Amino acid sequence: MPSLEINELTVLIILAIPVAFSPYLFKKRRDIMKWFPGYYCVFITFLSTNLEAAILPDTFNFMEHFFAMMAGILFCLAAISEYYSKVLKGKQIKLNIKKGAVKK
């Protein structure tokens with residue numbers, strides 16, 4: 001039976017912070033919404049990793065690997081979507097740089 005590792009528990013706690021604040025984050029920044037399905041999958045991956053040490057090791061091992069794969073796919077889709085909307089459609093990010101503001 002797998003044992004609980006402190007580094008996996010620490011990562012789970014760190015990942016839980018943005019998950020808990022995600023409703024607030026979505027109100028403030030709608031543009032990051034496309035990245036969160038992958039992030040949730042990473043959270044479920046580490047949740048499954050930690051639960052694997054306590055109960056049903058085979059089931060949670062499968063869930064760990066499945067959600068890790070889904071996180072990779074969803075992050076790739078979010079990156080493709082971001083690339084398409086920012087680069088290919090010509091919506092470049094506007095920077096507020098004033099002319100003459102750079103000092104040499």
# chains A, B, ... in the order shown; residues from 1 in each chain; ligands from 1
$ select_by_dssp --residues "range 8-99 of chain A" --states "helix (DSSP H, G or I)" --output "ChimeraX atom specification"
/A:8-28,30-52,57-88
$ residues_around --residues "range 45-49 of chain A" --least-positions-apart "4" --cutoff "9 Å" --atoms "only C-alpha atoms" --output "list of chain:residue names"
A:Leu4, A:Glu8, A:Leu9, A:Val11, A:Leu12, A:Leu15, A:Tyr40, A:Cys41, A:Ala53, A:Pro57, A:Thr59, A:Phe60, A:Asn61, A:Phe62, A:Met63, A:Glu64, A:His65, A:Phe66, A:Phe67, A:Ala68, A:Ala71
$ write_last_selection --atoms "N, CA and C atoms" --output "short mmCIF file (atom, residue, chain, number, x, y, z; two decimals), in the first residue's frame"
data_model
loop_
_atom_site.label_atom_id
_atom_site.label_comp_id
_atom_site.auth_asym_id
_atom_site.auth_seq_id
_atom_site.Cartn_x
_atom_site.Cartn_y
_atom_site.Cartn_z
N LEU A 4 1.67 7.99 2.55
CA LEU A 4 1.46 9.42 2.39
C LEU A 4 2.81 10.13 2.43
N GLU A 8 3.77 15.62 -1.42
CA GLU A 8 2.50 15.56 -2.14
C GLU A 8 1.39 16.24 -1.35
N LEU A 9 1.41 16.11 -0.03
CA LEU A 9 0.44 16.79 0.81
C LEU A 9 0.64 18.31 0.77
N VAL A 11 1.95 20.06 -1.73
CA VAL A 11 1.49 20.54 -3.04
C VAL A 11 -0.03 20.62 -3.07
N LEU A 12 -0.72 19.65 -2.47
CA LEU A 12 -2.18 19.67 -2.42
C LEU A 12 -2.67 20.90 -1.66
N LEU A 15 -2.11 23.96 -3.85
CA LEU A 15 -3.06 23.99 -4.96
C LEU A 15 -4.47 24.33 -4.51
N TYR A 40 -7.83 22.62 -12.22
CA TYR A 40 -8.66 21.75 -11.39
C TYR A 40 -8.24 20.28 -11.55
N CYS A 41 -7.87 19.90 -12.76
CA CYS A 41 -7.41 18.53 -12.98
C CYS A 41 -6.12 18.26 -12.23
N ALA A 53 -3.09 6.85 -0.65
CA ALA A 53 -2.37 6.32 0.51
C ALA A 53 -3.32 5.85 1.60
N PRO A 57 -6.40 2.12 -3.18
CA PRO A 57 -5.21 2.52 -3.92
C PRO A 57 -5.31 2.34 -5.43
N THR A 59 -8.06 2.41 -7.40
CA THR A 59 -8.99 3.38 -7.98
C THR A 59 -8.36 4.76 -8.03
N PHE A 60 -7.77 5.19 -6.92
CA PHE A 60 -7.19 6.53 -6.89
C PHE A 60 -5.91 6.62 -7.71
N ASN A 61 -5.21 5.51 -7.89
CA ASN A 61 -4.05 5.52 -8.78
C ASN A 61 -4.50 5.75 -10.22
N PHE A 62 -5.59 5.09 -10.62
CA PHE A 62 -6.14 5.31 -11.95
C PHE A 62 -6.58 6.76 -12.12
N MET A 63 -7.29 7.29 -11.10
CA MET A 63 -7.76 8.68 -11.17
C MET A 63 -6.59 9.65 -11.24
N GLU A 64 -5.53 9.35 -10.51
CA GLU A 64 -4.34 10.22 -10.54
C GLU A 64 -3.78 10.32 -11.95
N HIS A 65 -3.61 9.17 -12.60
CA HIS A 65 -3.03 9.18 -13.95
C HIS A 65 -4.01 9.74 -14.99
N PHE A 66 -5.28 9.46 -14.82
CA PHE A 66 -6.27 9.98 -15.75
C PHE A 66 -6.34 11.50 -15.70
N PHE A 67 -6.40 12.06 -14.49
CA PHE A 67 -6.51 13.51 -14.38
C PHE A 67 -5.20 14.22 -14.71
N ALA A 68 -4.08 13.56 -14.54
CA ALA A 68 -2.81 14.15 -15.00
C ALA A 68 -2.82 14.26 -16.52
N ALA A 71 -5.23 17.03 -17.48
CA ALA A 71 -4.64 18.35 -17.22
C ALA A 71 -3.73 18.75 -18.37
#
$ atom_distance --atom1 "CA of Phe75 in chain A" --atom2 "CA of Gly38 in chain A"
5.4 Å
$ residues_around --residues "Met33 in chain A" --least-positions-apart "5" --cutoff "10 Å" --atoms "only C-alpha atoms" --output "list in words"
Ser22, Leu25, Phe26, Lys27 and Ala78 of chain A
$ closest_residue --among "A:Leu77, A:Met69, A:Ile97, A:Leu56" --to "Ile44 in chain A" --atoms "only C-alpha atoms"
A:Met69
